[in-house]
Amino acid sequence: MKPMTIKTLPAKTDQKEIGQGLLDLGIAKDAEINGIGMGVLSDGTPYLNQRGLAALCGVQNAHIGTISSQWRETEPKPRIQAIKGILSKIGSETQSAHFEVPHNGIVHYCYPAEVCLSILEYYAFDAGANCQQEARDNFRILAGTKLREMIYSQVGYDPTGRSRFDKWHERIALNYQSAPRGFFSVFNEAETLIYEMIVAGAPVDEKNVVDISIGRHWSKFWDDSGYNERYGDRSKFPHRYPDSHPQAKSNPQEAWCYPLESLGAYREWLQDHYIGGGKFRAYLTEKMKKGAISPSIAQLTISSVEKPRIAGY
């Protein structure tokens with residue numbers, strides 16, 4: 001597979017339960033390399049699918065499925081006991097061998113990397129007559145953090161989290177000076193909200209362009225409030241999307257910009273009406289229904305942005 005070198009990996013969690021709360025997460029990245037399906041969940045958990053894990057172990061896909069089906073039995077089979085014993089040696093436990101995650105209309109069976117390594121080690125050394133040479137070879141290659149590194153590199157996932165800012169930075173590079181002198185743009189003024197979304201784990205990319213939502217609601221509020229008469233006429237300017245966005249096909253696009261004198265009114269509206277009035281929550285809820293953001297990340301983002309006000313203000 002020729003995995004690339006990854007110098008920094010996320011700190012290993014101290015939690016003993018693998019995957020608690022993972023059922024409502026999405027798939028951030030996935031790929032199939034040489035017949036081995038793999039990916040990364042939206043919380044950074046690397047996984048193999050059932051067929052991929054079976055291929056690494058040198059066994060039939062049905063054998064991995066049987067392990068999953070027997071995992072919760074009150075009196076576990078010797079094979080399950082052995083695999084759970086291997087897992088416990090690294091300080092981990094899990095109520096299920098895999099997690100079922102809907103993605104693009106299909107339910108994916110995702111086996112976390114720690115579970116994969118435990119099953120791989122079992123078939124390499126502890127399965128008796130059912131030990132597989134292929135499992136031994138792959139375990140020697142992928143033991144420790146190597147399986148995690150391989151998955152991250154093959155699907156193009158940056159575990160440091162720095163890459164999640166890339167598409168937003170691309171847009172800033174194209175538009176940070178685009179509004180004419182004396183005017184402000186919604187995109188530039190939305191940067192604090194966008195930053196909070198990214199830090200909370202929400203993807204800000206071609207599918208989640210929150211400044212479009214903000215711009216539409218602010219434009220309607222501007223007209224309804226008669227702000228042209230109060231602050232002067234708004235204007236339009238060319239806004240551009242980077243090549244990584246499909247919206248770039250219609251570049252440049254005309255966007256509204258507003259007199260600087262109205263900036264205070266805009267910021268009050270953003271806090272009191274867009275965020276405080278539930279429009280931001282409605283935006284994320286709609287994105288969640290479309291599968292563009294997972295329910296847990298949506299709720300975390302809403303909680304982060306909808307901060308309680310200071311008493312007396």
# chains A, B, ... in the order shown; residues from 1 in each chain; ligands from 1

$ select_by_dssp --residues "region 67-114 of chain A" --states "helix (DSSP H, G or I)" --output "MDAnalysis selection string"
chainID A and resid 67:70 78:89 113:114

$ residues_around --residues "region 187-192 of chain A" --least-positions-apart "5" --cutoff "8 Å" --atoms "only C-alpha atoms" --output "number ranges by chain"
A: 172, 175-176, 211

$ atom_distance --atom1 "CA of Tyr195 (chain A)" --atom2 "CA of Phe237 (chain A)"
23.7 Å

$ residues_around --residues "Val209 (chain A)" --least-positions-apart "6" --cutoff "10 Å" --atoms "only C-alpha atoms" --output "list of chain:residue names"
A:Trp168, A:Phe187, A:Ile194, A:Pro203

$ closest_residue --among "A:Ile293, A:Val204, A:Met38, A:Leu53" --to "Glu149 (chain A)" --atoms "only C-alpha atoms"
A:Met38

$ select_by_dssp --residues "region 25-271 of chain A" --states "strand (DSSP E or B)" --output "JSON, numbers by chain"
{"A": [27, 28, 29, 30, 31, 32, 33, 36, 37, 38, 39, 40, 41, 46, 47, 48, 49, 93, 99, 100, 101, 102, 103, 106, 107, 108, 109, 110, 111, 112, 183, 184, 185, 235, 236, 237, 238, 239, 253, 254, 255, 256, 257, 258, 259]}

$ closest_residue --among "A:Arg281, A:Lys146, A:Lys290, A:Arg234" --to "Pro46 (chain A)" --atoms "only C-alpha atoms"
A:Lys146

$ residues_around --residues "Gln50 (chain A)" --least-positions-apart "6" --cutoff "9 Å" --atoms "only C-alpha atoms" --output "list in words"
Gly37, Asn61, Ala62, Ile64, Gly65, His98, His108, Tyr109, Cys110 and Tyr111 of chain A

$ write_last_selection --atoms "C-alpha atoms" --output "PDB file, in the first residue's frame"
ATOM      1  CA  GLY A  37     -12.147  -0.583   2.552  1.00  0.00           C
ATOM      2  CA  ASN A  61     -15.861 -12.061   5.284  1.00  0.00           C
ATOM      3  CA  ALA A  62     -18.442 -14.197   7.095  1.00  0.00           C
ATOM      4  CA  ILE A  64     -15.651 -11.311  10.776  1.00  0.00           C
ATOM      5  CA  GLY A  65     -19.423 -11.006  10.678  1.00  0.00           C
ATOM      6  CA  HIS A  98     -18.257  -2.515  14.824  1.00  0.00           C
ATOM      7  CA  HIS A 108     -21.238   1.113   6.570  1.00  0.00           C
ATOM      8  CA  TYR A 109     -19.921  -1.448   9.075  1.00  0.00           C
ATOM      9  CA  CYS A 110     -16.950   0.312  10.647  1.00  0.00           C
ATOM     10  CA  TYR A 111     -14.437  -1.613  12.782  1.00  0.00           C
TER      11      TYR A 111
END

$ residues_around --residues "Val59 (chain A)" --least-positions-apart "3" --cutoff "12 Å" --atoms "only C-alpha atoms" --output "PyMOL selection string"
chain A and resi 50-56+62-67+119-120+122-124+127+130-135

$ closest_residue --among "A:Ile302, A:Met288, A:Cys57, A:Ala282" --to "Asp137 (chain A)" --atoms "only C-alpha atoms"
A:Cys57

$ closest_residue --among "A:Phe280, A:Pro238, A:Lys307, A:Gly291" --to "Leu25 (chain A)" --atoms "only C-alpha atoms"
A:Gly291

$ residues_around --residues "region 239-241 of chain A" --least-positions-apart "3" --cutoff "9 Å" --atoms "only C-alpha atoms" --output "number ranges by chain"
A: 170-171, 174-175, 178-179, 244-255

$ closest_residue --among "A:Lys289, A:Lys84, A:Arg79, A:Arg216" --to "Trp256 (chain A)" --atoms "only C-alpha atoms"
A:Arg216

$ residues_around --residues "Val305 (chain A)" --least-positions-apart "6" --cutoff "8 Å" --atoms "only C-alpha atoms" --output "PyMOL selection string"
chain A and resi 193+196-197+275

$ write_last_selection --atoms "N, CA and C atoms" --output "PDB file, in the first residue's frame"
ATOM      1  N   LEU A 193     -17.752  33.622  13.524  1.00  0.00           N
ATOM      2  CA  LEU A 193     -18.713  32.527  13.583  1.00  0.00           C
ATOM      3  C   LEU A 193     -18.173  31.301  12.856  1.00  0.00           C
ATOM      4  N   GLU A 196     -15.535  29.573  14.960  1.00  0.00           N
ATOM      5  CA  GLU A 196     -16.143  28.801  16.043  1.00  0.00           C
ATOM      6  C   GLU A 196     -16.715  27.491  15.524  1.00  0.00           C
ATOM      7  N   MET A 197     -17.307  27.518  14.330  1.00  0.00           N
ATOM      8  CA  MET A 197     -17.847  26.293  13.742  1.00  0.00           C
ATOM      9  C   MET A 197     -16.742  25.275  13.505  1.00  0.00           C
ATOM     10  N   ILE A 275     -28.287  34.369  15.291  1.00  0.00           N
ATOM     11  CA  ILE A 275     -27.913  33.353  16.280  1.00  0.00           C
ATOM     12  C   ILE A 275     -28.977  33.244  17.368  1.00  0.00           C
TER      13      ILE A 275
END

$ atom_distance --atom1 "CA of Gly277 (chain A)" --atom2 "CA of Asn228 (chain A)"
23.2 Å

$ atom_distance --atom1 "CA of Asn34 (chain A)" --atom2 "CA of Ile141 (chain A)"
16.0 Å

$ decode --residues "region 82-175 of chain A" --atoms "C-alpha atoms" --output "compact mmCIF listing (two decimals), in the first residue's frame"
# COMPACT_ATOMS: atom_id res chain seq x y z
CA ALA A 82 -9.39 -14.21 23.32
CA ILE A 83 -9.98 -11.15 21.13
CA LYS A 84 -11.47 -9.16 24.02
CA GLY A 85 -8.49 -10.18 26.14
CA ILE A 86 -6.11 -8.80 23.52
CA LEU A 87 -8.14 -5.59 23.39
CA SER A 88 -8.09 -5.20 27.18
CA LYS A 89 -4.27 -5.34 27.18
CA ILE A 90 -4.23 -1.89 25.53
CA GLY A 91 -6.78 -0.62 28.04
CA SER A 92 -9.80 -0.63 25.74
CA GLU A 93 -13.26 -2.15 25.80
CA THR A 94 -16.19 -1.89 23.45
CA GLN A 95 -19.83 -2.99 23.58
CA SER A 96 -19.74 -3.79 19.84
CA ALA A 97 -17.06 -4.96 17.48
CA HIS A 98 -18.26 -2.52 14.82
CA PHE A 99 -20.45 0.55 14.41
CA GLU A 100 -23.11 1.01 11.78
CA VAL A 101 -22.74 4.45 10.18
CA PRO A 102 -25.06 5.72 7.40
CA HIS A 103 -23.10 7.35 4.57
CA ASN A 104 -24.36 8.33 1.10
CA GLY A 105 -27.48 6.25 1.56
CA ILE A 106 -25.60 3.10 2.61
CA VAL A 107 -24.98 1.72 6.10
CA HIS A 108 -21.24 1.11 6.57
CA TYR A 109 -19.92 -1.45 9.07
CA CYS A 110 -16.95 0.31 10.65
CA TYR A 111 -14.44 -1.61 12.78
CA PRO A 112 -12.26 0.79 14.86
CA ALA A 113 -8.51 0.37 14.40
CA GLU A 114 -8.01 -1.02 17.93
CA VAL A 115 -10.61 -3.74 17.32
CA CYS A 116 -9.06 -4.52 13.94
CA LEU A 117 -5.62 -4.99 15.46
CA SER A 118 -7.01 -7.28 18.17
CA ILE A 119 -8.75 -9.48 15.61
CA LEU A 120 -5.69 -9.41 13.35
CA GLU A 121 -3.43 -10.47 16.26
CA TYR A 122 -5.83 -13.29 17.12
CA TYR A 123 -5.70 -14.72 13.60
CA ALA A 124 -1.94 -14.21 13.49
CA PHE A 125 -1.00 -16.04 16.69
CA ASP A 126 -3.92 -17.26 18.83
CA ALA A 127 -6.35 -19.02 16.48
CA GLY A 128 -4.65 -22.42 16.67
CA ALA A 129 -5.21 -24.38 13.48
CA ASN A 130 -6.98 -21.35 12.02
CA CYS A 131 -3.95 -19.05 12.27
CA GLN A 132 -3.24 -17.37 8.96
CA GLN A 133 0.20 -16.57 7.55
CA GLU A 134 -1.30 -13.53 5.87
CA ALA A 135 -2.52 -12.28 9.24
CA ARG A 136 0.97 -12.72 10.75
CA ASP A 137 2.59 -10.82 7.91
CA ASN A 138 0.10 -7.96 8.10
CA PHE A 139 0.24 -7.78 11.90
CA ARG A 140 4.01 -7.37 11.82
CA ILE A 141 3.58 -4.49 9.39
CA LEU A 142 0.62 -2.79 11.08
CA ALA A 143 1.18 -3.37 14.83
CA GLY A 144 1.14 -0.42 17.19
CA THR A 145 0.14 2.84 15.53
CA LYS A 146 1.01 1.70 12.01
CA LEU A 147 -2.56 0.70 11.14
CA ARG A 148 -3.84 4.13 12.23
CA GLU A 149 -1.08 5.83 10.21
CA MET A 150 -1.83 3.71 7.16
CA ILE A 151 -5.55 4.52 7.22
CA TYR A 152 -4.95 8.24 7.73
CA SER A 153 -2.43 8.42 4.90
CA GLN A 154 -4.40 6.31 2.42
CA VAL A 155 -7.64 8.29 2.77
CA GLY A 156 -5.83 11.65 2.93
CA TYR A 157 -6.85 12.58 6.47
CA ASP A 158 -4.80 14.97 8.60
CA PRO A 159 -5.13 13.83 12.24
CA THR A 160 -3.64 17.11 13.52
CA GLY A 161 -6.82 18.91 12.44
CA ARG A 162 -4.97 21.69 10.63
CA SER A 163 -6.39 20.79 7.22
CA ARG A 164 -9.98 21.49 8.34
CA PHE A 165 -9.22 25.21 7.95
CA ASP A 166 -7.88 24.86 4.39
CA LYS A 167 -11.03 25.54 2.37
CA TRP A 168 -11.98 28.51 4.50
CA HIS A 169 -8.47 29.93 4.11
CA GLU A 170 -8.72 29.46 0.34
CA ARG A 171 -11.83 31.65 0.29
CA ILE A 172 -10.21 34.28 2.50
CA ALA A 173 -7.22 34.47 0.17
CA LEU A 174 -9.53 35.25 -2.75
CA ASN A 175 -11.88 37.69 -1.01
